[in-house]
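J.: See data-v6.txt below, with compact mmCIF, C-alpha atoms.
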```txt
# COMPACT_ATOMS: atom_id res chain seq x y z
CA MET N 25 81.26 -82.02 0.16
CA ASP N 26 82.94 -82.54 -3.21
CA ARG N 27 82.69 -86.24 -4.16
CA LYS N 28 85.99 -86.00 -6.09
CA LYS N 29 87.81 -84.99 -2.91
CA ILE N 30 86.35 -88.00 -1.11
CA LEU N 31 86.69 -90.60 -3.86
CA GLY N 32 90.06 -89.43 -5.18
CA PRO N 33 92.23 -90.71 -2.28
CA PHE N 34 90.09 -93.86 -2.05
CA ILE N 35 90.58 -94.72 -5.75
CA LEU N 36 94.31 -93.97 -5.47
CA SER N 37 94.65 -96.31 -2.49
CA VAL N 38 92.83 -99.06 -4.40
CA PHE N 39 95.28 -98.73 -7.28
CA VAL N 40 98.26 -98.78 -4.91
CA LEU N 41 97.00 -101.84 -3.04
CA SER N 42 96.15 -103.67 -6.26
CA GLY N 43 99.62 -102.87 -7.59
CA MET N 44 101.20 -104.22 -4.42
CA ALA N 45 99.10 -107.35 -4.69
CA ARG N 46 100.15 -107.89 -8.30
CA GLY N 47 103.79 -107.42 -7.28
CA LEU N 48 103.47 -109.95 -4.47
CA LEU N 49 101.69 -112.46 -6.70
CA SER N 50 104.27 -112.06 -9.47
CA GLY N 51 107.06 -112.54 -6.90
CA VAL N 52 105.43 -115.74 -5.68
CA ALA N 53 104.96 -116.89 -9.25
CA ALA N 54 108.59 -116.18 -10.05
CA ASN N 55 109.78 -118.20 -7.09
CA ALA N 56 107.39 -121.01 -7.91
CA ARG N 57 108.22 -121.29 -11.60
CA PRO N 58 107.96 -124.93 -12.72
CA GLN N 59 111.23 -126.65 -13.45
CA ILE N 60 111.77 -127.54 -17.08
CA ALA N 61 111.87 -131.15 -18.15
CA ALA N 62 114.66 -132.76 -20.15
CA THR N 63 112.27 -133.15 -23.09
CA ASP N 64 111.90 -129.35 -23.36
CA LEU N 65 115.65 -128.73 -23.54
CA PRO N 66 116.23 -129.17 -27.30
CA LYS N 67 113.64 -126.52 -28.12
CA LEU N 68 115.05 -124.02 -25.61
CA ILE N 69 118.65 -124.62 -26.69
CA LYS N 70 117.61 -124.08 -30.29
CA LEU N 71 115.89 -120.83 -29.28
CA LEU N 72 119.22 -119.57 -27.92
CA LYS N 73 120.27 -119.22 -31.58
CA ASP N 74 117.05 -117.51 -32.67
CA PRO N 75 117.53 -114.19 -34.54
CA ASP N 76 115.12 -112.51 -32.11
CA VAL N 77 116.93 -111.20 -29.01
CA GLY N 78 113.77 -111.41 -26.91
CA LYS N 79 113.35 -115.11 -27.65
CA ARG N 80 116.98 -115.80 -26.83
CA CYS N 81 116.60 -114.00 -23.50
CA GLN N 82 113.43 -115.94 -22.74
CA ALA N 83 115.12 -119.25 -23.56
CA ALA N 84 118.06 -118.41 -21.28
CA ASN N 85 115.70 -117.51 -18.43
CA GLN N 86 113.81 -120.79 -18.80
CA LEU N 87 117.01 -122.83 -18.89
CA GLY N 88 117.71 -121.44 -15.42
CA CYS N 89 114.82 -123.60 -14.22
CA ALA N 90 116.49 -126.90 -15.16
CA GLY N 91 115.54 -129.38 -12.48
CA SER N 92 116.74 -132.90 -13.12
CA SER N 93 120.40 -133.86 -13.33
CA GLN N 94 119.78 -134.93 -16.92
CA ALA N 95 118.42 -131.48 -17.77
CA LEU N 96 121.37 -129.78 -16.07
CA LYS N 97 123.87 -131.64 -18.26
CA SER N 98 122.53 -129.75 -21.27
CA ALA N 99 121.34 -126.53 -19.63
CA VAL N 100 124.64 -125.44 -18.06
CA PRO N 101 126.78 -125.86 -21.23
CA ALA N 102 124.08 -124.11 -23.28
CA LEU N 103 124.04 -121.16 -20.87
CA VAL N 104 127.84 -121.00 -20.86
CA GLU N 105 127.76 -120.81 -24.65
CA ALA N 106 125.18 -118.01 -24.37
CA LEU N 107 127.75 -115.96 -22.44
CA LYS N 108 129.40 -115.37 -25.84
CA ASP N 109 126.20 -114.02 -27.42
CA SER N 110 126.53 -110.79 -29.40
CA SER N 111 123.67 -109.29 -27.38
CA GLN N 112 124.64 -108.34 -23.87
CA LYS N 113 121.00 -108.58 -22.83
CA VAL N 114 121.16 -112.28 -23.66
CA ARG N 115 124.43 -112.61 -21.81
CA LEU N 116 122.91 -110.98 -18.74
CA SER N 117 119.97 -113.39 -18.95
CA ALA N 118 122.38 -116.33 -19.16
CA ILE N 119 124.35 -115.08 -16.16
CA ALA N 120 121.17 -114.65 -14.12
CA ALA N 121 120.01 -118.14 -15.11
CA LEU N 122 123.30 -119.71 -14.01
CA GLY N 123 122.96 -117.92 -10.68
CA GLN N 124 119.45 -119.26 -10.34
CA LEU N 125 120.82 -122.80 -10.68
CA GLY N 126 123.02 -122.14 -7.65
CA PRO N 127 125.69 -124.73 -6.74
CA ARG N 128 124.52 -126.92 -9.61
CA ALA N 129 126.15 -124.42 -12.01
CA GLU N 130 129.65 -125.14 -10.71
CA ALA N 131 130.82 -126.15 -14.20
CA ALA N 132 130.10 -122.59 -15.38
CA VAL N 133 132.41 -120.92 -12.82
CA PRO N 134 135.46 -120.65 -15.17
CA ALA N 135 133.36 -118.91 -17.84
CA LEU N 136 131.74 -116.61 -15.27
CA SER N 137 135.19 -115.77 -13.89
CA LEU N 138 136.36 -114.62 -17.31
CA ALA N 139 133.23 -112.49 -17.65
CA LEU N 140 134.38 -110.58 -14.55
CA CYS N 141 137.13 -109.09 -16.68
CA GLU N 142 134.42 -107.03 -18.38
CA ARG N 143 134.86 -104.42 -15.69
CA GLN N 144 133.17 -101.38 -17.17
CA PRO N 145 129.39 -100.88 -17.32
CA THR N 146 128.12 -102.12 -20.67
CA GLY N 147 126.63 -99.91 -23.33
CA ILE N 148 123.12 -101.28 -22.95
CA LYS N 149 120.60 -98.89 -21.50
CA ASN N 150 117.62 -100.23 -19.61
CA THR N 151 114.69 -97.82 -19.39
CA GLY N 152 112.59 -98.39 -16.30
CA LEU N 153 109.07 -97.29 -15.48
CA SER N 154 110.32 -93.81 -14.66
CA GLY N 155 111.68 -93.45 -18.19
CA GLU N 156 115.14 -92.92 -16.76
CA SER N 157 117.91 -94.87 -18.51
CA ARG N 158 120.61 -96.72 -16.62
CA PHE N 159 123.50 -98.87 -17.78
CA LEU N 160 123.37 -102.61 -17.25
CA ASP N 161 126.52 -104.11 -15.81
CA VAL N 162 127.85 -107.54 -16.74
CA SER N 163 130.43 -107.94 -13.98
CA GLY N 164 127.90 -106.87 -11.35
CA ALA N 165 125.53 -109.57 -12.60
CA VAL N 166 128.35 -112.14 -12.44
CA LEU N 167 129.06 -111.22 -8.82
CA ASP N 168 125.37 -111.81 -8.01
CA ALA N 169 125.50 -115.21 -9.73
CA LEU N 170 128.69 -116.28 -7.94
CA GLU N 171 127.13 -115.36 -4.61
CA LYS N 172 124.23 -117.71 -5.36
CA ILE N 173 126.56 -120.51 -6.50
CA GLY N 174 128.36 -120.20 -3.15
CA PRO N 175 131.31 -122.38 -2.06
CA ALA N 176 131.19 -124.24 -5.39
CA ALA N 177 132.49 -120.99 -6.96
CA SER N 178 135.75 -121.01 -4.97
CA LYS N 179 137.84 -121.08 -8.17
CA ALA N 180 136.52 -117.60 -8.98
CA LEU N 181 138.18 -116.09 -5.89
CA PRO N 182 141.29 -114.74 -7.73
CA TYR N 183 138.99 -112.97 -10.18
CA VAL N 184 136.79 -111.49 -7.44
CA ILE N 185 139.53 -110.19 -5.11
CA PRO N 186 140.80 -107.37 -7.42
CA TYR N 187 137.48 -105.56 -7.10
CA LEU N 188 138.30 -104.86 -3.44
CA SER N 189 141.61 -103.21 -4.23
CA GLU N 190 140.53 -100.58 -6.76
CA ARG N 191 139.18 -97.23 -5.64
CA ASN N 192 136.93 -96.92 -8.68
CA GLU N 193 135.04 -100.02 -7.54
CA LEU N 194 133.89 -98.55 -4.21
CA TRP N 195 130.25 -98.70 -5.25
CA ARG N 196 130.53 -102.44 -5.93
CA ARG N 197 132.37 -103.50 -2.79
CA ASP N 198 129.22 -104.55 -0.98
CA LYS N 199 128.58 -107.13 -3.71
CA VAL N 200 132.19 -108.36 -3.54
CA LEU N 201 131.99 -108.79 0.23
CA ARG N 202 128.77 -110.79 -0.14
CA VAL N 203 130.49 -113.04 -2.69
CA LEU N 204 133.46 -113.55 -0.35
CA ALA N 205 131.10 -114.40 2.49
CA ALA N 206 129.26 -116.92 0.29
CA ILE N 207 132.35 -118.52 -1.28
CA GLY N 208 134.48 -118.49 1.88
CA PRO N 209 137.38 -116.01 1.81
CA ASP N 210 140.96 -117.15 2.40
CA GLU N 211 143.55 -115.36 4.53
CA SER N 212 144.98 -113.55 1.49
CA THR N 213 141.91 -111.29 1.49
CA ALA N 214 142.50 -109.98 5.03
CA PRO N 215 144.57 -106.87 4.12
CA LEU N 216 142.09 -105.90 1.40
CA ILE N 217 139.13 -106.30 3.75
CA MET N 218 140.91 -104.08 6.29
CA ARG N 219 141.46 -101.53 3.55
CA VAL N 220 137.72 -101.53 2.86
CA ILE N 221 137.07 -100.88 6.57
CA GLU N 222 139.45 -97.91 6.51
CA GLU N 223 138.21 -96.41 3.23
CA GLU N 224 134.45 -96.87 3.50
CA GLY N 225 132.37 -94.12 5.05
CA ARG N 226 131.01 -94.61 8.53
CA PHE N 227 127.48 -95.86 9.09
CA THR N 228 127.61 -97.83 5.81
CA GLN N 229 126.44 -101.42 5.56
CA THR N 230 129.51 -102.25 3.46
CA ARG N 231 131.87 -101.24 6.27
CA ARG N 232 129.92 -103.23 8.85
CA GLN N 233 129.92 -106.24 6.55
CA ALA N 234 133.70 -105.99 6.12
CA ILE N 235 134.22 -105.88 9.90
CA ARG N 236 132.17 -109.04 10.38
CA LEU N 237 133.90 -110.81 7.50
CA LEU N 238 137.30 -110.12 9.07
CA ALA N 239 136.53 -112.73 11.75
CA ARG N 240 136.61 -115.46 9.09
CA VAL N 241 139.98 -114.74 7.48
CA HIS N 242 142.41 -114.88 10.45
CA PRO N 243 144.23 -111.56 9.91
CA ALA N 244 147.58 -110.87 11.52
CA PRO N 245 146.78 -109.68 15.08
CA SER N 246 149.50 -107.01 14.93
CA ILE N 247 147.58 -105.28 12.11
CA ALA N 248 143.95 -106.15 12.89
CA ILE N 249 143.91 -105.50 16.63
CA PRO N 250 144.90 -101.79 16.45
CA LEU N 251 142.30 -101.16 13.73
CA LEU N 252 139.49 -102.94 15.56
CA SER N 253 140.46 -101.44 18.92
CA SER N 254 140.23 -97.93 17.49
CA ILE N 255 136.73 -98.72 16.19
CA VAL N 256 135.61 -100.10 19.55
CA LYS N 257 137.00 -97.06 21.37
CA ASP N 258 136.08 -94.09 19.18
CA ASP N 259 133.74 -95.01 16.34
CA PRO N 260 130.39 -93.18 16.33
CA ASP N 261 128.67 -96.15 14.65
CA ALA N 262 127.28 -98.26 17.51
CA ILE N 263 126.69 -101.29 15.26
CA ALA N 264 130.27 -101.13 13.96
CA ARG N 265 131.55 -100.88 17.55
CA ASP N 266 129.61 -103.98 18.61
CA ASP N 267 130.73 -105.96 15.54
CA ALA N 268 134.36 -104.90 16.01
CA ALA N 269 134.27 -105.92 19.68
CA LYS N 270 133.04 -109.42 18.76
CA VAL N 271 135.69 -109.82 16.05
CA LEU N 272 138.37 -108.49 18.37
CA GLU N 273 137.46 -111.11 20.95
CA ILE N 274 137.78 -113.86 18.34
CA ILE N 275 141.16 -112.60 17.09
CA ASN N 276 142.52 -112.19 20.61
CA LYS N 277 141.44 -115.73 21.46
CA ASP N 278 143.02 -117.14 18.29
CA SER N 279 146.20 -115.18 18.94
CA SER N 280 146.48 -116.48 22.51
CA ALA N 281 145.86 -120.05 21.40
CA SER N 282 148.35 -120.05 18.53
CA GLY N 283 150.96 -117.57 19.74
CA SER N 284 151.46 -116.81 16.05
CA ASP N 285 152.07 -113.07 16.28
CA ASN N 286 155.84 -112.66 16.31
CA PRO N 287 156.92 -109.58 18.34
CA GLU N 288 159.75 -108.99 15.86
CA ILE N 289 157.28 -108.79 12.96
CA VAL N 290 155.06 -106.45 14.98
CA ALA N 291 158.02 -104.13 15.60
CA LEU N 292 159.13 -104.20 11.96
CA SER N 293 155.57 -103.56 10.75
CA ASN N 294 155.42 -100.49 12.98
CA ASN N 295 158.82 -99.27 11.82
CA VAL N 296 157.83 -99.14 8.15
CA LEU N 297 155.02 -96.65 8.81
CA PRO N 298 155.31 -93.15 7.29
CA ASP N 299 155.65 -91.45 10.70
CA LYS N 300 159.10 -93.04 11.16
CA ASP N 301 162.27 -91.53 9.74
CA MET N 302 163.60 -92.71 6.37
CA ASP N 303 166.56 -94.70 7.72
CA THR N 304 164.36 -96.59 10.20
CA ARG N 305 161.84 -97.48 7.48
CA LEU N 306 164.47 -98.69 5.03
CA ALA N 307 166.21 -100.76 7.71
CA ALA N 308 162.90 -102.39 8.67
CA LEU N 309 162.12 -103.23 5.04
CA ARG N 310 165.53 -104.84 4.57
CA SER N 311 165.06 -106.86 7.75
CA ILE N 312 161.74 -108.11 6.40
CA GLN N 313 163.52 -109.14 3.20
CA GLU N 314 166.03 -111.16 5.23
CA LEU N 315 163.24 -112.91 7.14
CA GLY N 316 161.57 -113.93 3.87
CA PRO N 317 158.47 -116.16 4.14
CA SER N 318 158.52 -116.03 7.94
CA ALA N 319 157.56 -112.33 7.70
CA LYS N 320 154.19 -113.07 6.04
CA ASN N 321 152.29 -111.26 8.81
CA ALA N 322 153.93 -108.01 7.68
CA VAL N 323 152.24 -108.11 4.26
CA ALA N 324 149.25 -106.04 5.38
CA ALA N 325 151.60 -103.27 6.47
CA LEU N 326 153.62 -103.47 3.24
CA ILE N 327 150.80 -103.10 0.69
CA PRO N 328 150.09 -99.39 1.42
CA LEU N 329 153.82 -98.68 0.96
CA LEU N 330 153.49 -99.50 -2.75
CA HIS N 331 151.88 -96.03 -2.99
CA ASP N 332 154.47 -94.31 -0.79
CA CYS N 333 155.75 -90.89 -1.87
CA GLN N 334 159.37 -92.03 -1.44
CA PRO N 335 160.66 -93.99 -4.51
CA ALA N 336 163.24 -95.84 -2.37
CA ILE N 337 160.49 -97.09 -0.05
CA LYS N 338 158.46 -98.37 -3.02
CA LEU N 339 161.42 -100.33 -4.42
CA GLU N 340 162.37 -101.87 -1.07
CA THR N 341 158.72 -102.79 -0.50
CA ILE N 342 158.60 -104.61 -3.84
CA ASP N 343 161.72 -106.55 -2.87
CA ALA N 344 160.31 -107.34 0.58
CA LEU N 345 157.10 -108.75 -0.92
CA ALA N 346 159.14 -110.81 -3.38
CA ALA N 347 161.20 -112.24 -0.51
CA ILE N 348 158.03 -113.27 1.35
CA GLY N 349 156.89 -115.13 -1.78
CA PRO N 350 153.50 -116.82 -2.31
CA ASP N 351 152.24 -115.74 1.13
CA ALA N 352 152.22 -112.17 -0.24
CA ARG N 353 149.71 -113.05 -3.00
CA CYS N 354 147.15 -110.53 -1.70
CA ALA N 355 149.58 -107.82 -2.88
CA ILE N 356 149.33 -108.97 -6.51
CA PRO N 357 146.43 -106.63 -7.50
CA ALA N 358 148.31 -103.58 -6.22
CA LEU N 359 151.61 -104.68 -7.78
CA VAL N 360 149.98 -105.16 -11.18
CA ALA N 361 147.88 -101.99 -11.09
CA ASP N 362 150.77 -99.77 -9.98
CA ASN N 363 153.49 -101.15 -12.22
CA LEU N 364 151.98 -102.43 -15.47
CA CYS N 365 152.29 -98.96 -17.04
CA GLU N 366 155.22 -97.78 -14.91
CA PRO N 367 157.43 -95.54 -17.10
CA SER N 368 160.62 -96.55 -15.28
CA GLU N 369 161.75 -99.80 -16.87
CA ASP N 370 163.91 -100.69 -13.86
CA LYS N 371 161.02 -100.36 -11.40
CA ARG N 372 158.58 -102.09 -13.77
CA LEU N 373 160.80 -105.13 -14.32
CA ARG N 374 161.61 -105.27 -10.62
CA ALA N 375 157.89 -105.43 -9.88
CA PHE N 376 157.35 -108.04 -12.61
CA ARG N 377 160.06 -110.26 -11.11
CA ALA N 378 158.39 -109.91 -7.72
CA ILE N 379 155.00 -110.86 -9.18
CA ALA N 380 156.49 -113.93 -10.87
CA ARG N 381 158.02 -115.03 -7.56
CA ILE N 382 154.87 -114.41 -5.53
CA ASP N 383 152.52 -115.97 -8.11
CA PRO N 384 154.62 -118.58 -9.96
CA ASP N 385 151.65 -120.25 -11.65
CA GLY N 386 149.95 -116.97 -12.62
CA THR N 387 146.65 -117.85 -10.92
CA HIS N 388 146.18 -114.42 -9.37
CA THR N 389 147.92 -112.42 -12.10
CA CYS N 390 146.31 -113.65 -15.34
CA PRO N 391 142.80 -112.36 -14.56
CA LEU N 392 144.26 -108.90 -13.98
CA LEU N 393 145.87 -108.78 -17.42
CA SER N 394 142.88 -109.64 -19.61
CA ARG N 395 141.94 -106.02 -20.28
CA ALA N 396 145.58 -104.98 -20.84
CA LEU N 397 146.02 -107.69 -23.48
CA GLU N 398 143.15 -106.11 -25.43
CA ASP N 399 144.83 -102.70 -25.38
CA PRO N 400 147.63 -102.11 -27.91
CA PHE N 401 149.27 -99.57 -25.60
CA ARG N 402 149.45 -101.93 -22.60
CA ALA N 403 149.73 -105.32 -24.28
CA ARG N 404 153.53 -105.26 -24.63
CA ASN N 405 154.09 -104.89 -20.87
CA ALA N 406 151.42 -107.50 -20.11
CA VAL N 407 153.16 -109.91 -22.50
CA THR N 408 156.51 -109.31 -20.75
CA LEU N 409 154.95 -110.15 -17.39
CA LEU N 410 153.28 -113.29 -18.73
CA GLU N 411 156.58 -114.45 -20.21
CA MET N 412 158.35 -113.84 -16.90
CA ILE N 413 155.86 -116.09 -15.13
CA GLY N 414 156.58 -118.64 -17.83
CA THR N 415 153.96 -121.34 -17.32
CA GLU N 416 152.43 -123.15 -20.29
CA GLU N 417 149.22 -121.11 -19.95
CA THR N 418 150.87 -117.70 -19.55
CA THR N 419 153.27 -118.38 -22.42
CA ALA N 420 150.37 -119.36 -24.68
CA ARG N 421 148.49 -116.18 -23.78
CA ALA N 422 151.60 -114.10 -24.41
CA GLU N 423 152.14 -115.69 -27.84
CA SER N 424 148.50 -115.12 -28.77
CA ALA N 425 148.72 -111.43 -27.86
CA LYS N 426 151.98 -111.04 -29.75
CA LYS N 427 150.34 -112.36 -32.92
CA ILE N 428 147.33 -110.06 -32.51
CA TRP N 429 149.43 -106.92 -31.98
CA ARG N 430 152.43 -108.07 -34.04
CA LEU N 431 154.83 -107.77 -31.14
CA LYS N 432 158.33 -109.18 -31.28
```
Please go through the file and, once you have read it, give me the structure as structure tokens.

T.:
Amino acid sequence: MDRKKILGPFILSVFVLSGMARGLLSGVAANARPQIAATDLPKLIKLLKDPDVGKRCQAANQLGCAGSSQALKSAVPALVEALKDSSQKVRLSAIAALGQLGPRAEAAVPALSLALCERQPTGIKNTGLSGESRFLDVSGAVLDALEKIGPAASKALPYVIPYLSERNELWRRDKVLRVLAAIGPDESTAPLIMRVIEEEGRFTQTRRQAIRLLARVHPAPSIAIPLLSSIVKDDPDAIARDDAAKVLEIINKDSSASGSDNPEIVALSNNVLPDKDMDTRLAALRSIQELGPSAKNAVAALIPLLHDCQPAIKLETIDALAAIGPDARCAIPALVADNLCEPSEDKRLRAFRAIARIDPDGTHTCPLLSRALEDPFRARNAVTLLEMIGTEETTARAESAKKIWRLK
């Protein structure tokens, strides 16, 4: 028998097993990396300014191993400063290091939140072992870091939520849901989580994750129960059916205990649906406007109407959300995305007034305008919206953009 035929598979298996062993050992080594001492910090912080990109990346990675509280006091600010580095490889290393520090990197959350505005994949290509290039992504790395920081990253929530509402972010929704689960989502995320459930393909982990997360955000029973009931009854995904049944039980129990689901709101929410005639829909929207903040459970039904094919429905929906006020804050991403470049000045300003009423301090709106303020074609409208909100922060941002683009 040919010795090559016998020894060939054996040698190959040895290489495979040795490779696996090296991978396991390197993984153990990575998890067991020694924490840096405070005495090593000055050298590492100095290396963050080194002309060599590789050394800067290495320094950032090592700063992620800061152990003592004394070391953290210098490591976190140094890594935050590295987020401004001209090399995005260094920035990615700094982001990963902050995530490695976990809750101890709470002071870096504002800077990480701003980095989420860098929504597009960066221009850096990373060539793997296969020789195939792929783009590195800053905002994806930030989401990973925020997940590791956990509840201490709660201030990043307004910056994270918009990723659920945009169709071009479908591939990233699983990361966003993990961040929401780690941070602790608030009730304003309920309609967006339900939208994920409806839009995601069946048998996907992202959809199952969204169903489970719904149990933590107390959605309006009038909206959540029909959706979950349809999954329990007809969905071909057995895991999704089981998860939906458990969440449905929780929501039904909460609903019975609180009695919070107003039958009038349920009826109005049903009457705004596209299968009703135009007069019925408009009448329901005007009734919601009259109810104002007490109609907050109708918000989930109103958000899809911002994309309705009937212009009159869109306008009445904007007014209804404005009447509900701050409890409609989960509609802010859709209101901004749909109306920032709206050609009709009347509709655009109507939406801006609604946004200012729903989000009077600009907490949820400002993160959505960062990219627009960098674009000369969208900056003017973004400035108008910031001025309508009119807080000290939004006014300062508006004035800064006006100087950059020489707007009057």

J.: Mind pulling up the distance from atom CA of N:Pro209 to atom CA of N:Leu181?

T.: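 Atom CA of N:Leu181 sits 7.7 Å away from atom CA of N:Pro209.
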
J.: So how far away is atom CA of N:Asp261 from atom CA of N:Phe227, in Å?

T.: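 Taking atom CA of N:Phe227 as the start and atom CA of N:Asp261 as the end point, the length is 5.7 Å.
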
J.: Using all atoms listed in the file, which protein or nucleic acid residues come within 7 Å of N:Ala234? Drop anything in the same chain fewer than 6 positions from it, and give the result as a ChimeraX atom specification.

T.: /N:201,217,220-221

J.: Between N:Arg226, N:Arg381, N:Arg421, N:Lys432, which is the closest to N:Ser394 once you count all atoms listed in the file?

T.: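 The answer is N:Arg421, which sits nearest to N:Ser394.
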
J.: Using all atoms listed in the file, which protein or nucleic acid residues come within 7 Å of stretch 316-330 of chain N? Drop anything in the same chain fewer than 3 positions from it, and give the result as a list in words.

T.: Pro215, Ala244, Ile247, Ile289, Ser293, Ile312, Gln313, Ile337, Lys338, Thr341, Ala347, Ile348, Gly349, Asp351, Ala352 and Ala355 of chain N

J.: At what distance in Å, to one decimal, does atom CA of N:Ile382 lie from atom CA of N:Ala346?

T.: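 Between atom CA of N:Ala346 and atom CA of N:Ile382 the gap is 6.0 Å.
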
J.: Need the shell around N:Ser246: protein/DNA/RNA residues with any atom at most 7 Å away, counting only C-alpha atoms. Skip same-chain ones fewer than 2 positions apart. Format as a PyMOL selection string?

T.: chain N and resi 244+248-249+285+290

J.: Write the selection just made, keeping C-alpha atoms, as a compact mmCIF listing (two decimals), keeping the file's coordinate frame?

T.:
```txt
# COMPACT_ATOMS: atom_id res chain seq x y z
CA ALA N 244 147.58 -110.87 11.52
CA ALA N 248 143.95 -106.15 12.89
CA ILE N 249 143.91 -105.50 16.63
CA ASP N 285 152.07 -113.07 16.28
CA VAL N 290 155.06 -106.45 14.98
```

J.: Set up a box along x, y and z of the file covering all listed atoms of stretch 406-415 of chain N, add 6 Å on every one of the six sides, and write the centre and edge lengths in Å to one decimal, as AutoDock Vina command-line options.

T.:
```
--center_x 154.9 --center_y -114.4 --center_z -18.8 --size_x 18.9 --size_y 25.8 --size_z 19.4
```
